[in-house]
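Novice: So that you have it, the file is query.cif, and it contains mmCIF, C-alpha atoms:
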data_protein
#
loop_
_atom_site.label_atom_id
_atom_site.label_comp_id
_atom_site.auth_asym_id
_atom_site.auth_seq_id
_atom_site.Cartn_x
_atom_site.Cartn_y
_atom_site.Cartn_z
CA MET A 1 -30.48 6.61 -27.99
CA GLU A 2 -29.29 3.00 -28.44
CA ASN A 3 -27.03 4.20 -31.26
CA ASN A 4 -25.07 6.46 -28.91
CA THR A 5 -21.77 4.64 -28.25
CA ASP A 6 -20.89 6.57 -25.09
CA TRP A 7 -24.29 5.89 -23.57
CA TYR A 8 -24.18 2.22 -24.54
CA ASN A 9 -20.70 1.72 -23.08
CA PHE A 10 -21.75 3.57 -19.93
CA VAL A 11 -24.70 1.25 -19.44
CA LEU A 12 -22.54 -1.83 -19.98
CA SER A 13 -20.01 -0.59 -17.42
CA LYS A 14 -22.58 -0.10 -14.67
CA GLU A 15 -23.16 -2.95 -12.27
CA GLY A 16 -25.90 -3.53 -9.74
CA ASN A 17 -29.64 -3.32 -9.99
CA MET A 18 -30.05 0.05 -11.68
CA SER A 19 -32.83 0.14 -14.24
CA LYS A 20 -32.21 1.34 -17.76
CA ALA A 21 -33.91 4.63 -16.91
CA GLU A 22 -31.73 5.09 -13.82
CA LYS A 23 -28.60 4.38 -15.84
CA THR A 24 -29.65 6.91 -18.46
CA ARG A 25 -30.29 9.58 -15.81
CA GLN A 26 -26.89 8.93 -14.27
CA PHE A 27 -25.23 9.11 -17.68
CA ILE A 28 -26.85 12.49 -18.36
CA ILE A 29 -25.78 13.79 -14.95
CA GLU A 30 -22.17 12.66 -15.27
CA LYS A 31 -21.84 14.12 -18.77
CA THR A 32 -23.50 17.47 -18.03
CA ALA A 33 -22.34 18.12 -14.44
CA PRO A 34 -18.96 19.54 -15.52
CA ILE A 35 -20.70 21.87 -17.97
CA PHE A 36 -23.10 23.28 -15.38
CA ASN A 37 -20.18 23.79 -12.99
CA LYS A 38 -18.04 25.60 -15.58
CA LYS A 39 -20.69 27.63 -17.41
CA GLY A 40 -23.32 28.03 -14.71
CA TYR A 41 -27.04 27.40 -14.85
CA ALA A 42 -28.01 30.37 -17.02
CA SER A 43 -25.30 29.82 -19.64
CA THR A 44 -25.74 26.06 -20.01
CA SER A 45 -28.02 25.45 -22.95
CA LEU A 46 -29.98 22.46 -24.15
CA SER A 47 -27.55 22.14 -27.05
CA ASP A 48 -24.70 21.93 -24.51
CA MET A 49 -26.50 19.01 -22.90
CA THR A 50 -27.28 17.21 -26.13
CA ASP A 51 -23.74 17.72 -27.41
CA ALA A 52 -22.23 16.38 -24.19
CA THR A 53 -24.44 13.31 -24.05
CA GLY A 54 -25.07 12.58 -27.70
CA LEU A 55 -28.73 12.23 -26.76
CA THR A 56 -31.74 14.05 -28.16
CA LYS A 57 -33.80 16.69 -26.36
CA GLY A 58 -36.54 14.11 -26.02
CA SER A 59 -34.18 11.61 -24.39
CA ILE A 60 -32.97 14.18 -21.86
CA TYR A 61 -36.39 15.56 -20.99
CA GLY A 62 -37.82 12.08 -21.00
CA ASN A 63 -35.65 11.44 -17.96
CA PHE A 64 -35.80 14.88 -16.32
CA ALA A 65 -38.78 17.19 -15.99
CA ASP A 66 -36.82 20.25 -17.07
CA LYS A 67 -33.46 22.01 -17.02
CA ASP A 68 -33.92 22.84 -13.33
CA GLU A 69 -34.08 19.17 -12.40
CA VAL A 70 -30.93 18.42 -14.40
CA ALA A 71 -29.08 21.34 -12.78
CA LEU A 72 -30.06 20.30 -9.24
CA ALA A 73 -28.99 16.72 -9.88
CA CYS A 74 -25.70 17.93 -11.35
CA PHE A 75 -24.99 20.06 -8.28
CA ASP A 76 -25.59 17.02 -6.06
CA HIS A 77 -23.20 15.00 -8.22
CA ASN A 78 -20.45 17.65 -8.19
CA HIS A 79 -20.81 18.20 -4.46
CA ARG A 80 -20.60 14.46 -3.83
CA VAL A 81 -17.36 14.25 -5.85
CA VAL A 82 -15.82 16.96 -3.65
CA ARG A 83 -16.98 15.31 -0.41
CA GLU A 84 -15.72 11.90 -1.50
CA THR A 85 -12.34 13.32 -2.52
CA VAL A 86 -11.92 15.02 0.85
CA GLY A 87 -13.26 12.02 2.76
CA MET A 88 -10.95 9.51 1.11
CA GLU A 89 -7.90 11.66 1.83
CA MET A 90 -8.97 12.23 5.44
CA ALA A 91 -9.34 8.49 5.94
CA ARG A 92 -5.62 8.14 5.21
CA ARG A 93 -4.65 10.50 8.01
CA THR A 94 -4.65 10.06 11.76
CA GLY A 95 -4.56 13.24 13.86
CA TYR A 96 -7.40 15.75 13.68
CA ARG A 97 -5.04 18.59 12.77
CA ASP A 98 -3.72 16.56 9.85
CA LYS A 99 -7.26 15.73 8.79
CA LEU A 100 -8.12 19.43 8.71
CA ARG A 101 -5.04 20.07 6.59
CA VAL A 102 -6.71 17.99 3.88
CA TYR A 103 -8.79 21.08 3.09
CA VAL A 104 -5.61 23.09 2.53
CA ASP A 105 -4.24 20.40 0.22
CA VAL A 106 -7.47 20.01 -1.74
CA TYR A 107 -8.38 23.69 -2.10
CA SER A 108 -4.94 25.25 -2.52
CA GLY A 109 -4.89 24.68 -6.27
CA ASN A 110 -1.52 22.94 -6.21
CA GLY A 111 -2.67 20.39 -8.77
CA LYS A 112 -2.43 17.41 -6.43
CA PHE A 113 -6.19 17.02 -6.25
CA ASN A 114 -8.58 17.50 -9.14
CA LEU A 115 -12.13 18.03 -7.94
CA VAL A 116 -14.54 18.80 -10.75
CA PRO A 117 -13.95 20.87 -13.89
CA GLY A 118 -14.67 24.51 -13.23
CA GLY A 119 -13.63 24.67 -9.59
CA CYS A 120 -15.61 24.44 -6.38
CA PRO A 121 -19.32 23.79 -7.13
CA ILE A 122 -20.40 25.40 -3.87
CA LEU A 123 -18.66 28.69 -4.70
CA ASN A 124 -19.80 28.68 -8.33
CA THR A 125 -23.41 27.93 -7.47
CA ALA A 126 -23.59 30.29 -4.50
CA ILE A 127 -22.37 33.24 -6.55
CA GLU A 128 -24.65 32.64 -9.53
CA ALA A 129 -27.79 31.47 -7.74
CA ALA A 130 -27.85 33.80 -4.72
CA ASP A 131 -30.45 36.10 -6.28
CA THR A 132 -31.54 34.16 -9.35
CA HIS A 133 -32.31 30.52 -8.58
CA PRO A 134 -33.86 29.62 -5.20
CA GLY A 135 -33.46 25.88 -5.71
CA LEU A 136 -29.75 26.03 -6.42
CA ARG A 137 -29.25 28.64 -3.72
CA LYS A 138 -30.83 26.24 -1.22
CA LYS A 139 -28.54 23.45 -2.39
CA ALA A 140 -25.46 25.67 -1.96
CA ALA A 141 -26.60 26.83 1.48
CA GLU A 142 -27.15 23.24 2.62
CA ALA A 143 -23.70 22.30 1.32
CA ILE A 144 -22.08 25.11 3.30
CA GLU A 145 -23.92 24.03 6.45
CA LEU A 146 -22.83 20.43 5.92
CA TRP A 147 -19.23 21.54 5.37
CA LYS A 148 -19.29 23.73 8.47
CA GLN A 149 -20.66 20.91 10.58
CA LYS A 150 -17.99 18.52 9.30
CA ILE A 151 -15.24 20.90 10.37
CA VAL A 152 -16.92 21.61 13.71
CA THR A 153 -17.16 17.87 14.36
CA LEU A 154 -13.44 17.41 13.63
CA ILE A 155 -12.48 20.31 15.88
CA GLU A 156 -14.71 19.09 18.72
CA ALA A 157 -13.18 15.62 18.42
CA GLY A 158 -9.74 17.22 18.51
CA LYS A 159 -10.69 19.11 21.67
CA ALA A 160 -12.00 15.94 23.28
CA SER A 161 -8.73 14.13 22.54
CA LYS A 162 -6.70 17.08 23.89
CA GLU A 163 -5.15 17.69 20.48
CA PHE A 164 -6.81 21.14 20.32
CA LYS A 165 -7.29 23.79 22.98
CA SER A 166 -10.53 23.48 24.92
CA ILE A 167 -11.23 27.21 24.52
CA THR A 168 -11.34 26.98 20.71
CA ASP A 169 -14.52 28.40 19.19
CA SER A 170 -15.27 25.54 16.78
CA GLU A 171 -17.95 27.30 14.74
CA GLN A 172 -15.93 30.48 14.30
CA ALA A 173 -12.90 28.48 13.20
CA ALA A 174 -14.99 26.41 10.78
CA LEU A 175 -16.62 29.41 9.11
CA SER A 176 -13.28 31.22 8.89
CA ILE A 177 -11.67 28.22 7.21
CA ILE A 178 -14.51 27.93 4.68
CA ALA A 179 -14.52 31.66 3.89
CA LEU A 180 -10.75 31.78 3.41
CA LEU A 181 -10.64 28.68 1.21
CA GLU A 182 -13.48 29.85 -1.02
CA GLY A 183 -12.05 33.38 -1.09
CA SER A 184 -8.70 32.05 -2.24
CA ILE A 185 -10.36 30.23 -5.13
CA MET A 186 -12.41 33.27 -6.11
CA ILE A 187 -9.43 35.62 -6.09
CA ARG A 188 -7.00 33.45 -8.00
CA ARG A 189 -9.63 32.52 -10.63
CA THR A 190 -10.72 36.14 -11.08
CA VAL A 191 -7.23 37.62 -11.24
CA GLY A 192 -5.74 34.65 -13.04
CA GLN A 193 -2.75 34.40 -10.75
CA ALA A 194 -2.33 31.46 -8.40
CA GLY A 195 -0.13 33.47 -6.08
CA TYR A 196 -3.01 35.75 -5.09
CA GLY A 197 -4.61 32.91 -3.17
CA LYS A 198 -1.52 31.96 -1.17
CA PRO A 199 -1.97 34.47 1.69
CA LEU A 200 -5.48 33.17 2.29
CA ILE A 201 -4.33 29.55 2.26
CA ALA A 202 -1.58 30.52 4.70
CA ALA A 203 -4.24 32.08 6.94
CA VAL A 204 -6.12 28.76 6.94
CA GLU A 205 -2.93 26.97 7.92
CA ASN A 206 -2.44 29.47 10.75
CA ILE A 207 -5.95 28.79 12.07
CA ILE A 208 -5.39 25.04 11.99
CA ASN A 209 -1.98 25.33 13.66
CA ALA A 210 -3.42 27.52 16.41
CA LEU A 211 -6.32 25.25 17.35
#
Do you think you could lay out the structure here as structure tokens?
Specialist:
Amino acid sequence: MENNTDWYNFVLSKEGNMSKAEKTRQFIIEKTAPIFNKKGYASTSLSDMTDATGLTKGSIYGNFADKDEVALACFDHNHRVVRETVGMEMARRTGYRDKLRVYVDVYSGNGKFNLVPGGCPILNTAIEAADTHPGLRKKAAEAIELWKQKIVTLIEAGKASKEFKSITDSEQAALSIIALLEGSIMIRRTVGQAGYGKPLIAAVENIINAL
């Protein structure tokens, strides 16, 4: 493992009190997370992981119990990248309506924001794992709940500040926004035409404008 240049440079670049084992785990996650997101759990092979990391099977499974543990850690990593991207952009904005518009900007596929290779990890994981992998399905479900609560919190804050109408159903609006954003990604990726997602993105904008 010490002969792997990428791994060695990764370890040197990391600061703090991480142990060598922790650094190796993080290296494996960061190198394989894009693959799991693009290919899915079932299609990602051990050779994909060894090729991406330059490490041996023994090195990978010396740090993770099995493929399941790698996949779950990779989902957490990909989901965190999305949340941090959205959070950093929201921090730059003031009004609650403008903060909600961050989701339109991030998920519209206009190229301004690059999340993780392969698209939205929540959508990808939810579709693949719904009936095949309880652990990943649970992760995706928790991510949706967290996302919904984030939007609800923003809408409730907007209502409290009189920016939004007091009669707004926050949960209904939040779930509608999530469904439309994920639906727009699914349609344009499946059909291969970016324009197919535009009506759904416009519907999200309409919801936000009407709050």
Novice: So what does the PyMOL selection byres ((chain A and resi 211) around 10) actually pick up in this one, as a list in words?
Specialist: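 So the PyMOL selection byres ((chain A and resi 211) around 10) ends up selecting Arg97, Ile155, Gly158, Lys159, Glu163, Phe164, Lys165, Ser166, Ile167, Thr168, Asp169, Ser170, Ala173, Asn206, Ile207, Ile208, Asn209 and Ala210 of chain A.
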Novice: Write out as a list in words each polymer residue whose atoms come within 12 Å of segment 192-196 of chain A, counting only C-alpha atoms; drop sequence neighbours fewer than 3 positions from it.
Specialist: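 In the requested form, the answer reads Tyr107, Ser108, Gly109, Asn110, Gly111, Gly183, Ser184, Ile185, Met186, Ile187, Arg188, Arg189, Pro199, Leu200, Ile201 and Ala202 of chain A.
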Novice: Have a look at A:Asp98, A:Glu182, A:Glu145, A:Asp68 and name the one nearest to His133 of chain A; count only C-alpha atoms.
Specialist: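 Closest residue, counting only C-alpha atoms: A:Asp68.
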Novice: For a quick check of understanding, using all atoms listed in the file, which of A:Tyr96, A:Tyr61, A:Phe36, A:Trp147 has the smallest distance to Val116 of chain A?
Specialist: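 Closest residue, counting all atoms listed in the file: A:Phe36.
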Novice: Between atom CA of Gln172 of chain A and atom CA of Glu156 of chain A, measure the distance and give it in Å to one decimal.
Specialist: 12.3 Å
Novice: Taking the file as shown, find all residues satisfying the PyMOL selection byres ((chain A and resi 104) around 8) and write them as a list in words.
Specialist: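 Taken over the shown coordinates, the PyMOL selection byres ((chain A and resi 104) around 8) returns Leu100, Arg101, Val102, Tyr103, Asp105, Val106, Tyr107, Ser108, Leu181, Ile201, Val204 and Glu205 of chain A.
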Novice: Point out the residue among A:Lys38, A:Val70, A:Phe113, A:Ile28 with the least atom-to-atom distance to Ala52 of chain A, counting all atoms listed in the file.
Specialist: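 Of A:Lys38, A:Val70, A:Phe113, A:Ile28, the one nearest Ala52 of chain A is A:Ile28, counting all atoms listed in the file.
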Novice: Taking all atoms listed in the file into account, which of A:Gly197, A:Ile35, A:Ala160, A:Leu46 comes nearest Gly58 of chain A?
Specialist: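 Between A:Gly197, A:Ile35, A:Ala160, A:Leu46, the residue approaching Gly58 of chain A most closely is A:Leu46.
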Novice: Just the number, please: distance in Å from atom CA of Ile29 of chain A to atom CA of Cys74 of chain A, one decimal.
Specialist: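 Going from atom CA of Ile29 of chain A over to atom CA of Cys74 of chain A, I get 5.5 Å.
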Novice: Could you check which of A:Asp48, A:Met88, A:Gly95, A:Thr53 is closest to Lys162 of chain A, using all atoms listed in the file?
Specialist: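 Of all the options, A:Gly95 lies closest to Lys162 of chain A.
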Novice: Atom CA of Ile178 of chain A and atom CA of Arg83 of chain A are how many Å apart?
Specialist: 13.8 Å
Novice: Let me know the residues the PyMOL selection byres ((chain A and resi 26) around 12) catches in the file above, as JSON, numbers by chain.
Specialist: {"A": [7, 10, 11, 14, 18, 19, 20, 21, 22, 23, 24, 25, 27, 28, 29, 30, 31, 32, 33, 53, 60, 63, 64, 70, 73, 74, 76, 77]}
Novice: Those selected residues, please, written with C-alpha atoms and delivered as a PDB file, in the coordinates of the input.
Specialist:
ATOM      1  CA  TRP A   7     -24.290   5.890 -23.570  1.00  0.00           C
ATOM      2  CA  PHE A  10     -21.750   3.570 -19.930  1.00  0.00           C
ATOM      3  CA  VAL A  11     -24.700   1.250 -19.440  1.00  0.00           C
ATOM      4  CA  LYS A  14     -22.580  -0.100 -14.670  1.00  0.00           C
ATOM      5  CA  MET A  18     -30.050   0.050 -11.680  1.00  0.00           C
ATOM      6  CA  SER A  19     -32.830   0.140 -14.240  1.00  0.00           C
ATOM      7  CA  LYS A  20     -32.210   1.340 -17.760  1.00  0.00           C
ATOM      8  CA  ALA A  21     -33.910   4.630 -16.910  1.00  0.00           C
ATOM      9  CA  GLU A  22     -31.730   5.090 -13.820  1.00  0.00           C
ATOM     10  CA  LYS A  23     -28.600   4.380 -15.840  1.00  0.00           C
ATOM     11  CA  THR A  24     -29.650   6.910 -18.460  1.00  0.00           C
ATOM     12  CA  ARG A  25     -30.290   9.580 -15.810  1.00  0.00           C
ATOM     13  CA  PHE A  27     -25.230   9.110 -17.680  1.00  0.00           C
ATOM     14  CA  ILE A  28     -26.850  12.490 -18.360  1.00  0.00           C
ATOM     15  CA  ILE A  29     -25.780  13.790 -14.950  1.00  0.00           C
ATOM     16  CA  GLU A  30     -22.170  12.660 -15.270  1.00  0.00           C
ATOM     17  CA  LYS A  31     -21.840  14.120 -18.770  1.00  0.00           C
ATOM     18  CA  THR A  32     -23.500  17.470 -18.030  1.00  0.00           C
ATOM     19  CA  ALA A  33     -22.340  18.120 -14.440  1.00  0.00           C
ATOM     20  CA  THR A  53     -24.440  13.310 -24.050  1.00  0.00           C
ATOM     21  CA  ILE A  60     -32.970  14.180 -21.860  1.00  0.00           C
ATOM     22  CA  ASN A  63     -35.650  11.440 -17.960  1.00  0.00           C
ATOM     23  CA  PHE A  64     -35.800  14.880 -16.320  1.00  0.00           C
ATOM     24  CA  VAL A  70     -30.930  18.420 -14.400  1.00  0.00           C
ATOM     25  CA  ALA A  73     -28.990  16.720  -9.880  1.00  0.00           C
ATOM     26  CA  CYS A  74     -25.700  17.930 -11.350  1.00  0.00           C
ATOM     27  CA  ASP A  76     -25.590  17.020  -6.060  1.00  0.00           C
ATOM     28  CA  HIS A  77     -23.200  15.000  -8.220  1.00  0.00           C
TER      29      HIS A  77
END
Novice: What's the 9 Å shell around Phe75 of chain A, counting all atoms listed in the file, without same-chain residues fewer than 4 positions away, as a VMD selection string?
Specialist: chain A and resid 33 36 to 37 70 to 71 79 to 80 121 to 122 125 136 139 to 140
Novice: Would you mind telling me which residue in A:Cys120, A:Ala91, A:Ala129, A:Ala179 lies nearest to Leu72 of chain A when using only C-alpha atoms?
Specialist: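 Closest residue, counting only C-alpha atoms: A:Ala129.
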Novice: Please output segment 125-141 of chain A, rebuilt to include N, CA and C atoms, as an mmCIF file, in the coordinates of the input.
Specialist:
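What landed in rebuild30.cif:
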data_model
loop_
_atom_site.group_PDB
_atom_site.id
_atom_site.type_symbol
_atom_site.label_atom_id
_atom_site.label_comp_id
_atom_site.auth_asym_id
_atom_site.auth_seq_id
_atom_site.Cartn_x
_atom_site.Cartn_y
_atom_site.Cartn_z
ATOM 1 N N THR A 125 -21.947 27.899 -7.567
ATOM 2 C CA THR A 125 -23.410 27.930 -7.470
ATOM 3 C C THR A 125 -23.879 29.043 -6.555
ATOM 4 N N ALA A 126 -23.196 29.247 -5.440
ATOM 5 C CA ALA A 126 -23.590 30.290 -4.500
ATOM 6 C C ALA A 126 -23.554 31.672 -5.141
ATOM 7 N N ILE A 127 -22.512 31.933 -5.917
ATOM 8 C CA ILE A 127 -22.370 33.240 -6.550
ATOM 9 C C ILE A 127 -23.457 33.461 -7.602
ATOM 10 N N GLU A 128 -23.685 32.463 -8.434
ATOM 11 C CA GLU A 128 -24.650 32.640 -9.530
ATOM 12 C C GLU A 128 -26.089 32.622 -9.027
ATOM 13 N N ALA A 129 -26.393 31.731 -8.084
ATOM 14 C CA ALA A 129 -27.790 31.470 -7.740
ATOM 15 C C ALA A 129 -28.310 32.285 -6.569
ATOM 16 N N ALA A 130 -27.450 33.079 -5.928
ATOM 17 C CA ALA A 130 -27.850 33.800 -4.720
ATOM 18 C C ALA A 130 -29.146 34.587 -4.908
ATOM 19 N N ASP A 131 -29.272 35.260 -6.040
ATOM 20 C CA ASP A 131 -30.450 36.100 -6.280
ATOM 21 C C ASP A 131 -31.253 35.671 -7.506
ATOM 22 N N THR A 132 -30.902 34.526 -8.082
ATOM 23 C CA THR A 132 -31.540 34.160 -9.350
ATOM 24 C C THR A 132 -32.214 32.801 -9.356
ATOM 25 N N HIS A 133 -31.773 31.878 -8.507
ATOM 26 C CA HIS A 133 -32.310 30.520 -8.580
ATOM 27 C C HIS A 133 -32.459 29.965 -7.168
ATOM 28 N N PRO A 134 -33.651 30.062 -6.583
ATOM 29 C CA PRO A 134 -33.860 29.620 -5.200
ATOM 30 C C PRO A 134 -33.488 28.163 -4.942
ATOM 31 N N GLY A 135 -33.767 27.299 -5.898
ATOM 32 C CA GLY A 135 -33.460 25.880 -5.710
ATOM 33 C C GLY A 135 -31.982 25.617 -5.585
ATOM 34 N N LEU A 136 -31.203 26.205 -6.483
ATOM 35 C CA LEU A 136 -29.750 26.030 -6.420
ATOM 36 C C LEU A 136 -29.159 26.752 -5.223
ATOM 37 N N ARG A 137 -29.726 27.911 -4.898
ATOM 38 C CA ARG A 137 -29.250 28.640 -3.720
ATOM 39 C C ARG A 137 -29.430 27.785 -2.471
ATOM 40 N N LYS A 138 -30.564 27.118 -2.362
ATOM 41 C CA LYS A 138 -30.830 26.240 -1.220
ATOM 42 C C LYS A 138 -29.831 25.095 -1.175
ATOM 43 N N LYS A 139 -29.524 24.524 -2.332
ATOM 44 C CA LYS A 139 -28.540 23.450 -2.390
ATOM 45 C C LYS A 139 -27.175 23.943 -1.909
ATOM 46 N N ALA A 140 -26.758 25.119 -2.361
ATOM 47 C CA ALA A 140 -25.460 25.670 -1.960
ATOM 48 C C ALA A 140 -25.431 25.960 -0.471
ATOM 49 N N ALA A 141 -26.530 26.519 0.053
ATOM 50 C CA ALA A 141 -26.600 26.830 1.480
ATOM 51 C C ALA A 141 -26.510 25.552 2.317
#
